[in-house]
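One structure below.
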Amino acid sequence: MRLRPPRPEDFRSPAHTPAVAARIGLWLGVAFTVCFLTGLLSHAAQHPPGWFTWPTRPVSLYRITQGAHVISGVAAIPLLLAKLWSVYPRLFIRPPSRPPGRAVAHGAERLSILVLLCAAFFELASGLFNAVQSYPWRFFFVETHYAAGWIAAGALAVHIGVKLPRIGGGLGERPDPRRRAFLRIAWLSTGAAVLATAGGTVPWLSRVSVLAWRSPGGPQGLPVNRTAAAAGIQVPANWRLAITWPGGTAELTLDELATLRQRTATLPIACVEGWSATATWTGVPVPDLLAAVGAPTRRAIRVSSLEQSGLYATSLLPPAHTADPLTLLALRVNGEVLSADHGFPCRIIAPSRPGVLQTKWVTRLEVLA
Amino acid sequence: MKAVPIARATLVLGGAAVTGYGGWLLWPQLPAAWTWLVAGPILHDAVVAPAVGVAGLTLGRLIPDPARRAWVAAGLTISAVLVLVALPLLWRPQPAPINPGLHDRDYVQGLIVALFAIWAGVAVAAASRPRHRRGDRDPG
């Protein structure tokens, strides 16, 4: 027997039909769309353009959108593999040599699919490594993951446009029992991948999700995303909270903060990496704190940490959040004084915010003009 | 022009523009990211898909009964997907410093338990299926 490259007709698995490809493609398209849109929202929440205001309600909004982002990405892994297996024989179609127009169109379509696959695999792989906080690369994750998301979305739109009649035909065709068996395996493995990971943000799945990024516990009942040691935090003995505004300044000791009226709120902390955890926080509502020292309220605040460097040493609290009585300068979590790793002496916890912007080890609040 | 051709043209032209925008954003990162970008299709087309094909052919030879073969194929597929999703967790090259409460489950044990549950399910399902009639064989 002589070895030769395979031809499309060599593949006889029931998976290789438009009826199967269109059905898996439809769900893969849904997963990619959810992933892309929630990714844009997360990017806007963390790097808000001037026209954009991230709402403070519902308090779980970011938890839900970012949980959906990571879960839809995980679901897309088996769906993408099943989709590609379904259409794999088409990789071996001989390109038409004439007429030249058809050859060019064929080449262009293949190129668009290559671009789509480069971007799609990149998004799923880099997202998965980022979710486990492993960074075996030299590019900037945020910029590259964001850019490749646009490429994947655009190339997917091109692909759907090119294939639209074929998708309609495939969906109109009823799959026979053997094809349905393949589809069932694709749905089952998608469900398994979601169940195995979603417990990182869906509380009632935390025991089932053996591959969830976070464990159910953590110090003071909450995971730590950056320890005080990693951030190089040394709280000085004469620590004071500085509050500045155009035309005034104030300083408060921790005891003075503790004598202000405290509020207890149950708020989730939701990380860009897809995990979330709910805790009961106690502290001074930021609007009350500003009013107590005579600073203007309902303005943006720059929050500075004791952390000297790093991307998230400061955060910008937009007016919608500084005006919200649920935005706390928290001193306690789950009934205990904040531990060093959770941000002692005080941290910001605001409703519906990406976790990296919930600045810990706060030393300064700067009310902007 | 009818609605469908308009929709197709919009998707193709709009999609090409969006892809171009993404490419423009990606450009500065390309020297550091290109290996990660091309690795997926190459690994898939040259390694993953041929392995799936060989596994399918082998299953077809080993398990002639289609119903049982479907259950074993389901077990293999789900197992492979879980191992794939677990891989970054178990490997974690160049990780962030240890963070308490994150990535600190016993993932090896969790994966073993999950695989055990899957294959117990496959065994029960495959054993309880009646054998198909003779002559119902088909190629993988």
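Identifiers for the structure tokens are assigned positionally: chains receive A, B, ... in sequence, residues are indexed from 1 per chain, and ligands are indexed from 1 in the order shown.
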
Find the spatial neighbours of Cys271 of chain A, counting only C-alpha atoms, within a cut-off of 9 Å - ignore same-chain residues fewer than 4 positions away - and output them as a PDB file with N, CA and C atoms, in the first residue's frame.
ATOM      1  N   TYR A  62     -20.642  42.488  37.506  1.00  0.00           N
ATOM      2  CA  TYR A  62     -19.343  42.080  36.937  1.00  0.00           C
ATOM      3  C   TYR A  62     -19.077  40.595  37.189  1.00  0.00           C
ATOM      4  N   ARG A  63     -19.541  40.132  38.351  1.00  0.00           N
ATOM      5  CA  ARG A  63     -19.395  38.708  38.642  1.00  0.00           C
ATOM      6  C   ARG A  63     -20.091  37.866  37.571  1.00  0.00           C
ATOM      7  N   GLN A  66     -18.319  38.429  33.926  1.00  0.00           N
ATOM      8  CA  GLN A  66     -17.000  37.817  33.800  1.00  0.00           C
ATOM      9  C   GLN A  66     -17.080  36.305  33.998  1.00  0.00           C
ATOM     10  N   GLY A  67     -18.021  35.854  34.859  1.00  0.00           N
ATOM     11  CA  GLY A  67     -18.242  34.411  34.970  1.00  0.00           C
ATOM     12  C   GLY A  67     -18.692  33.850  33.626  1.00  0.00           C
ATOM     13  N   ASN A 225      -5.803  37.304  45.987  1.00  0.00           N
ATOM     14  CA  ASN A 225      -5.242  37.326  44.632  1.00  0.00           C
ATOM     15  C   ASN A 225      -3.836  37.891  44.605  1.00  0.00           C
ATOM     16  N   TRP A 275     -13.110  33.769  38.736  1.00  0.00           N
ATOM     17  CA  TRP A 275     -13.621  33.295  40.014  1.00  0.00           C
ATOM     18  C   TRP A 275     -14.300  34.451  40.738  1.00  0.00           C
ATOM     19  N   SER A 276     -15.174  34.104  41.658  1.00  0.00           N
ATOM     20  CA  SER A 276     -15.778  35.137  42.488  1.00  0.00           C
ATOM     21  C   SER A 276     -16.072  34.537  43.852  1.00  0.00           C
ATOM     22  N   ALA A 277     -16.223  35.403  44.845  1.00  0.00           N
ATOM     23  CA  ALA A 277     -16.535  34.957  46.196  1.00  0.00           C
ATOM     24  C   ALA A 277     -17.305  36.072  46.883  1.00  0.00           C
ATOM     25  N   ARG A 353     -17.617  45.653  40.602  1.00  0.00           N
ATOM     26  CA  ARG A 353     -16.345  46.158  40.093  1.00  0.00           C
ATOM     27  C   ARG A 353     -15.415  44.988  39.857  1.00  0.00           C
ATOM     28  N   PRO A 354     -14.539  45.068  38.826  1.00  0.00           N
ATOM     29  CA  PRO A 354     -13.516  44.030  38.678  1.00  0.00           C
ATOM     30  C   PRO A 354     -12.633  43.985  39.928  1.00  0.00           C
ATOM     31  N   GLY A 355     -12.283  42.762  40.349  1.00  0.00           N
ATOM     32  CA  GLY A 355     -11.544  42.579  41.602  1.00  0.00           C
ATOM     33  C   GLY A 355     -10.248  43.372  41.677  1.00  0.00           C
ATOM     34  N   VAL A 356      -9.529  43.496  40.560  1.00  0.00           N
ATOM     35  CA  VAL A 356      -8.241  44.193  40.605  1.00  0.00           C
ATOM     36  C   VAL A 356      -8.403  45.679  40.918  1.00  0.00           C
TER      37      VAL A 356
END

Using 10 Å as the limit and counting only C-alpha atoms, can you tabulate each residue of segment 182-219 of chain A that touches segment 81-98 of chain B, with its shortest atom-to-atom distance in Å and the two atoms involved, as a tab-separated table?
residue	atom	partner	partner_atom	distance
A:Ser189	CA	B:Val81	CA	6.7
A:Thr190	CA	B:Val81	CA	8.3
A:Ala192	CA	B:Leu82	CA	7.4
A:Ala193	CA	B:Leu82	CA	6.1
A:Val194	CA	B:Leu82	CA	9.7
A:Ala196	CA	B:Leu82	CA	7.6
A:Thr197	CA	B:Val85	CA	8.6
A:Val210	CA	B:Ala86	CA	9.4
A:Leu211	CA	B:Ala86	CA	6.4
A:Ala212	CA	B:Leu89	CA	9.2
A:Trp213	CA	B:Leu89	CA	7.9

Restricted to C-alpha atoms, what would the selected residues look like written as a PDB file, in the first residue's frame?
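Result file part-v1.pdb:
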ATOM      1  CA  SER A 189     -18.078  16.886  26.771  1.00  0.00           C
ATOM      2  CA  THR A 190     -19.032  20.582  26.685  1.00  0.00           C
ATOM      3  CA  ALA A 192     -18.426  18.154  31.489  1.00  0.00           C
ATOM      4  CA  ALA A 193     -15.878  20.925  30.849  1.00  0.00           C
ATOM      5  CA  VAL A 194     -18.313  23.549  32.191  1.00  0.00           C
ATOM      6  CA  ALA A 196     -15.606  20.811  36.021  1.00  0.00           C
ATOM      7  CA  THR A 197     -14.710  24.518  36.156  1.00  0.00           C
ATOM      8  CA  VAL A 210     -12.882  19.521  40.594  1.00  0.00           C
ATOM      9  CA  LEU A 211     -10.937  21.789  38.214  1.00  0.00           C
ATOM     10  CA  ALA A 212     -12.228  25.155  39.531  1.00  0.00           C
ATOM     11  CA  TRP A 213      -9.525  27.813  39.856  1.00  0.00           C
TER      12      TRP A 213
END

- Task: Fewer than 2 positions away in the same chain doesn't count, so skip those; otherwise give me all residues within 10 Å of Val115 of chain A, counting only C-alpha atoms, as a list in words.
- Result: Glu109, Arg110, Leu111, Ser112, Ile113, Leu117, Cys118, Ala119, Ala120, Ala148, Ile151, Ala152, Gly154, Ala155 and Leu156 of chain A; Thr19, Leu37, Val38 and Pro41 of chain B

Interface rows for chain B against chain A: nearest pair, Å to one decimal, 7 Å, only C-alpha atoms, as JSON lines:
{"residue": "B:Arg8", "atom": "CA", "partner": "A:Gly161", "partner_atom": "CA", "distance": 4.4}
{"residue": "B:Ala9", "atom": "CA", "partner": "A:Gly161", "partner_atom": "CA", "distance": 6.8}
{"residue": "B:Leu11", "atom": "CA", "partner": "A:Gly161", "partner_atom": "CA", "distance": 5.0}
{"residue": "B:Val12", "atom": "CA", "partner": "A:Val158", "partner_atom": "CA", "distance": 4.1}
{"residue": "B:Gly15", "atom": "CA", "partner": "A:Gly154", "partner_atom": "CA", "distance": 3.9}
{"residue": "B:Ala16", "atom": "CA", "partner": "A:Gly154", "partner_atom": "CA", "distance": 5.9}
{"residue": "B:Val18", "atom": "CA", "partner": "A:Gly154", "partner_atom": "CA", "distance": 4.7}
{"residue": "B:Thr19", "atom": "CA", "partner": "A:Ile151", "partner_atom": "CA", "distance": 4.3}
{"residue": "B:Gly22", "atom": "CA", "partner": "A:Ile151", "partner_atom": "CA", "distance": 4.7}
{"residue": "B:Gly23", "atom": "CA", "partner": "A:Ile151", "partner_atom": "CA", "distance": 6.4}
{"residue": "B:Leu25", "atom": "CA", "partner": "A:Ala147", "partner_atom": "CA", "distance": 5.2}
{"residue": "B:Leu26", "atom": "CA", "partner": "A:Ala147", "partner_atom": "CA", "distance": 5.1}
{"residue": "B:Gln29", "atom": "CA", "partner": "A:Phe139", "partner_atom": "CA", "distance": 5.9}
{"residue": "B:Ala32", "atom": "CA", "partner": "A:Phe139", "partner_atom": "CA", "distance": 5.1}
{"residue": "B:Ala33", "atom": "CA", "partner": "A:Phe139", "partner_atom": "CA", "distance": 5.7}
{"residue": "B:Trp36", "atom": "CA", "partner": "A:Phe122", "partner_atom": "CA", "distance": 6.4}
{"residue": "B:Leu37", "atom": "CA", "partner": "A:Cys118", "partner_atom": "CA", "distance": 5.1}
{"residue": "B:Val38", "atom": "CA", "partner": "A:Cys118", "partner_atom": "CA", "distance": 5.5}
{"residue": "B:Gly40", "atom": "CA", "partner": "A:Phe121", "partner_atom": "CA", "distance": 5.2}
{"residue": "B:Pro41", "atom": "CA", "partner": "A:Cys118", "partner_atom": "CA", "distance": 6.1}
{"residue": "B:Ala49", "atom": "CA", "partner": "A:Trp85", "partner_atom": "CA", "distance": 6.5}
{"residue": "B:Ala70", "atom": "CA", "partner": "A:Ala181", "partner_atom": "CA", "distance": 6.7}
{"residue": "B:Ala74", "atom": "CA", "partner": "A:Ile185", "partner_atom": "CA", "distance": 5.2}
{"residue": "B:Thr77", "atom": "CA", "partner": "A:Ser189", "partner_atom": "CA", "distance": 6.7}
{"residue": "B:Ile78", "atom": "CA", "partner": "A:Ser189", "partner_atom": "CA", "distance": 4.6}
{"residue": "B:Val81", "atom": "CA", "partner": "A:Pro78", "partner_atom": "CA", "distance": 6.4}
{"residue": "B:Leu82", "atom": "CA", "partner": "A:Ala193", "partner_atom": "CA", "distance": 6.1}
{"residue": "B:Ala86", "atom": "CA", "partner": "A:Leu211", "partner_atom": "CA", "distance": 6.4}
{"residue": "B:Pro88", "atom": "CA", "partner": "A:Phe129", "partner_atom": "CA", "distance": 5.8}
{"residue": "B:Leu89", "atom": "CA", "partner": "A:Val132", "partner_atom": "CA", "distance": 6.0}
{"residue": "B:Arg92", "atom": "CA", "partner": "A:Ser134", "partner_atom": "CA", "distance": 5.2}
{"residue": "B:Pro93", "atom": "CA", "partner": "A:Pro136", "partner_atom": "CA", "distance": 5.7}
{"residue": "B:Gln94", "atom": "CA", "partner": "A:Pro136", "partner_atom": "CA", "distance": 5.4}
{"residue": "B:Pro95", "atom": "CA", "partner": "A:Ser134", "partner_atom": "CA", "distance": 4.0}
{"residue": "B:Ala96", "atom": "CA", "partner": "A:Gln133", "partner_atom": "CA", "distance": 5.6}
{"residue": "B:Asn99", "atom": "CA", "partner": "A:Val224", "partner_atom": "CA", "distance": 5.6}
{"residue": "B:Pro100", "atom": "CA", "partner": "A:Val224", "partner_atom": "CA", "distance": 5.5}
{"residue": "B:Gly101", "atom": "CA", "partner": "A:Gly218", "partner_atom": "CA", "distance": 4.0}
{"residue": "B:Leu102", "atom": "CA", "partner": "A:Arg214", "partner_atom": "CA", "distance": 4.3}
{"residue": "B:His103", "atom": "CA", "partner": "A:Trp213", "partner_atom": "CA", "distance": 4.9}
{"residue": "B:Asp104", "atom": "CA", "partner": "A:Ser215", "partner_atom": "CA", "distance": 6.4}
{"residue": "B:Arg105", "atom": "CA", "partner": "A:Ser215", "partner_atom": "CA", "distance": 5.8}
{"residue": "B:Tyr107", "atom": "CA", "partner": "A:Leu211", "partner_atom": "CA", "distance": 6.2}
{"residue": "B:Gly110", "atom": "CA", "partner": "A:Val210", "partner_atom": "CA", "distance": 4.8}
{"residue": "B:Leu111", "atom": "CA", "partner": "A:Val210", "partner_atom": "CA", "distance": 6.7}
{"residue": "B:Pro139", "atom": "CA", "partner": "A:Arg12", "partner_atom": "CA", "distance": 6.9}
{"residue": "B:Gly140", "atom": "CA", "partner": "A:Ser13", "partner_atom": "CA", "distance": 5.3}

- Near Gly170 of chain A, counting only C-alpha atoms, which residues have an atom at most 9 Å away, once you skip same-chain residues fewer than 6 positions from it, shown as an MDAnalysis selection string? chainID A and resid 17:23

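Closest approach to Thr244 of chain A among A:Leu28, A:Ala295, A:Val202, A:Leu331: A:Ala295, based on only C-alpha atoms.
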
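Using only C-alpha atoms, the residues found no farther than 8 Å from Pro95 of chain A, other than those of its own chain fewer than 5 positions away, are A:Ala103, A:His106, A:Gly107.
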
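Computed from the coordinates, the atom CA of Ala292 of chain A to atom CA of Ala45 of chain A distance equals 28.9 Å.
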
- Query: Which parts of chain B does DSSP call helix (DSSP H, G or I) when run on the backbone here, written out as a ChimeraX atom specification?
  - Reply: /B:3-62,66-91,107-128

Keeping only C-alpha atoms, write those residues as a short mmCIF file (atom, residue, chain, number, x, y, z; two decimals), in the first residue's frame.
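And here is the file that came out, out07.cif:
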data_model
loop_
_atom_site.label_atom_id
_atom_site.label_comp_id
_atom_site.auth_asym_id
_atom_site.auth_seq_id
_atom_site.Cartn_x
_atom_site.Cartn_y
_atom_site.Cartn_z
CA ALA B 3 -32.00 40.16 1.94
CA VAL B 4 -29.67 37.15 2.06
CA PRO B 5 -27.02 38.52 -0.31
CA ILE B 6 -27.10 41.83 1.56
CA ALA B 7 -26.66 40.02 4.88
CA ARG B 8 -23.77 37.99 3.45
CA ALA B 9 -22.02 41.02 2.00
CA THR B 10 -22.45 42.91 5.30
CA LEU B 11 -21.03 40.00 7.31
CA VAL B 12 -18.04 39.55 4.98
CA LEU B 13 -17.17 43.24 4.56
CA GLY B 14 -17.94 44.21 8.16
CA GLY B 15 -16.08 41.15 9.42
CA ALA B 16 -13.06 41.99 7.28
CA ALA B 17 -13.02 45.53 8.69
CA VAL B 18 -13.27 44.25 12.29
CA THR B 19 -10.50 41.73 11.61
CA GLY B 20 -8.37 44.56 10.26
CA TYR B 21 -9.01 46.61 13.41
CA GLY B 22 -7.94 43.63 15.53
CA GLY B 23 -4.83 43.18 13.41
CA TRP B 24 -3.94 46.84 13.90
CA LEU B 25 -4.33 46.42 17.68
CA LEU B 26 -2.31 43.21 17.60
CA TRP B 27 0.56 44.53 15.49
CA PRO B 28 2.83 45.75 18.36
CA GLN B 29 2.51 42.38 20.14
CA LEU B 30 3.09 40.27 17.03
CA PRO B 31 6.86 39.72 17.44
CA ALA B 32 6.28 38.20 20.91
CA ALA B 33 2.95 36.50 20.19
CA TRP B 34 3.24 34.96 16.72
CA THR B 35 4.34 31.52 17.95
CA TRP B 36 1.29 31.32 20.21
CA LEU B 37 -0.91 32.50 17.34
CA VAL B 38 0.18 29.89 14.78
CA ALA B 39 0.64 27.03 17.26
CA GLY B 40 -3.08 26.22 17.58
CA PRO B 41 -3.93 25.39 13.94
CA ILE B 42 -0.62 23.55 13.42
CA LEU B 43 -1.00 21.42 16.56
CA HIS B 44 -4.62 20.71 15.73
CA ASP B 45 -4.22 19.82 12.06
CA ALA B 46 -0.99 17.85 12.43
CA VAL B 47 -1.42 16.19 15.83
CA VAL B 48 -4.89 16.38 17.40
CA ALA B 49 -7.09 15.63 14.38
CA PRO B 50 -4.94 12.71 13.09
CA ALA B 51 -4.92 11.27 16.63
CA VAL B 52 -8.73 11.50 16.73
CA GLY B 53 -8.89 9.76 13.35
CA VAL B 54 -6.60 6.93 14.45
CA ALA B 55 -8.56 6.56 17.71
CA GLY B 56 -11.82 6.37 15.73
CA LEU B 57 -10.48 3.72 13.37
CA THR B 58 -9.07 1.69 16.27
CA LEU B 59 -12.38 1.88 18.14
CA GLY B 60 -14.19 0.72 15.00
CA ARG B 61 -11.98 -2.39 14.87
CA LEU B 62 -12.10 -3.14 18.63
CA PRO B 66 -22.16 0.86 17.42
CA ALA B 67 -24.06 1.62 20.63
CA ARG B 68 -21.23 0.41 22.85
CA ARG B 69 -18.70 2.11 20.65
CA ALA B 70 -20.57 5.41 21.04
CA TRP B 71 -20.41 5.11 24.84
CA VAL B 72 -16.69 4.35 24.82
CA ALA B 73 -16.12 7.20 22.35
CA ALA B 74 -18.05 9.50 24.71
CA GLY B 75 -15.88 8.38 27.64
CA LEU B 76 -12.69 8.95 25.69
CA THR B 77 -13.79 12.37 24.42
CA ILE B 78 -14.93 13.65 27.82
CA SER B 79 -11.74 12.33 29.45
CA ALA B 80 -9.56 14.03 26.83
CA VAL B 81 -11.42 17.34 27.23
CA LEU B 82 -11.06 17.26 31.02
CA VAL B 83 -7.35 16.44 30.77
CA LEU B 84 -6.94 19.31 28.30
CA VAL B 85 -8.72 21.79 30.60
CA ALA B 86 -6.72 20.48 33.59
CA LEU B 87 -3.37 20.74 31.80
CA PRO B 88 -2.66 24.43 32.57
CA LEU B 89 -3.70 23.85 36.22
CA LEU B 90 -1.43 20.85 36.67
CA TRP B 91 1.48 22.32 34.73
CA TYR B 107 -6.35 18.78 41.04
CA VAL B 108 -4.70 15.39 40.45
CA GLN B 109 -7.10 13.78 42.89
CA GLY B 110 -10.06 15.72 41.45
CA LEU B 111 -9.20 14.66 37.91
CA ILE B 112 -8.81 11.01 38.95
CA VAL B 113 -12.19 11.07 40.71
CA ALA B 114 -13.85 12.68 37.67
CA LEU B 115 -12.31 10.16 35.26
CA PHE B 116 -13.33 7.30 37.53
CA ALA B 117 -16.92 8.59 37.60
CA ILE B 118 -16.98 8.97 33.82
CA TRP B 119 -15.69 5.47 33.14
CA ALA B 120 -17.97 3.92 35.76
CA GLY B 121 -20.86 5.57 33.89
CA VAL B 122 -19.55 4.33 30.54
CA ALA B 123 -19.18 0.78 31.89
CA VAL B 124 -22.74 0.72 33.24
CA ALA B 125 -24.22 2.25 30.07
CA ALA B 126 -22.26 0.01 27.70
CA ALA B 127 -23.15 -3.13 29.69
CA SER B 128 -26.85 -2.32 29.88
#

Quick one: everything within 7 Å of segment 32-36 of chain A, counting only C-alpha atoms, minus sequence neighbours fewer than 5 positions away in the same chain. Send it as a short mmCIF file (atom, residue, chain, number, x, y, z; two decimals) with C-alpha atoms, in the first residue's frame.
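The file below, result24.cif, is the result:
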data_model
loop_
_atom_site.label_atom_id
_atom_site.label_comp_id
_atom_site.auth_asym_id
_atom_site.auth_seq_id
_atom_site.Cartn_x
_atom_site.Cartn_y
_atom_site.Cartn_z
CA HIS A 69 -16.89 35.18 29.82
CA SER A 72 -18.34 30.41 27.61
CA GLY A 73 -14.62 30.25 26.82
CA ALA A 76 -15.91 26.74 23.41
CA GLY A 149 -10.71 38.87 20.34
#

- Item | Near-Thr314 of chain A list (10 Å; only C-alpha atoms; drop same-chain fewer than 5 positions) as number ranges by chain | A: 302-309, 356-360, 362, 364-365

Export of prior selection with N, CA and C atoms as a compact mmCIF listing (two decimals), in the first residue's frame:
# COMPACT_ATOMS: atom_id res chain seq x y z
N ARG A 302 -9.27 59.06 43.04
CA ARG A 302 -8.13 58.19 42.78
C ARG A 302 -7.72 57.54 44.11
N VAL A 303 -7.75 56.22 44.15
CA VAL A 303 -7.43 55.47 45.36
C VAL A 303 -6.00 54.97 45.24
N SER A 304 -5.15 55.28 46.23
CA SER A 304 -3.76 54.83 46.20
C SER A 304 -3.52 53.83 47.30
N SER A 305 -2.71 52.84 46.95
CA SER A 305 -2.38 51.77 47.87
C SER A 305 -1.00 52.02 48.47
N LEU A 306 -0.69 51.31 49.56
CA LEU A 306 0.68 51.34 50.08
C LEU A 306 1.64 50.66 49.11
N GLU A 307 1.07 49.87 48.18
CA GLU A 307 1.90 49.20 47.19
C GLU A 307 2.60 50.26 46.33
N GLN A 308 3.92 50.12 46.19
CA GLN A 308 4.68 51.17 45.54
C GLN A 308 4.56 51.12 44.02
N SER A 309 4.56 49.91 43.45
CA SER A 309 4.53 49.82 41.99
C SER A 309 3.46 48.81 41.60
N VAL A 356 -9.53 43.50 40.56
CA VAL A 356 -8.24 44.19 40.61
C VAL A 356 -8.40 45.68 40.92
N LEU A 357 -9.63 46.21 40.79
CA LEU A 357 -9.84 47.62 41.10
C LEU A 357 -10.34 47.82 42.53
N GLN A 358 -10.51 46.72 43.27
CA GLN A 358 -10.92 46.81 44.68
C GLN A 358 -9.65 46.98 45.50
N THR A 359 -9.08 48.17 45.44
CA THR A 359 -7.72 48.42 45.92
C THR A 359 -7.56 48.10 47.41
N LYS A 360 -6.48 47.39 47.72
CA LYS A 360 -6.16 47.00 49.11
C LYS A 360 -5.10 47.94 49.68
N VAL A 362 -5.18 50.66 51.44
CA VAL A 362 -5.42 52.04 50.99
C VAL A 362 -4.69 53.02 51.91
N ARG A 364 -4.48 56.58 50.59
CA ARG A 364 -4.80 57.93 50.13
C ARG A 364 -6.02 57.90 49.21
N LEU A 365 -6.95 58.82 49.46
CA LEU A 365 -8.09 59.02 48.56
C LEU A 365 -7.99 60.44 48.03
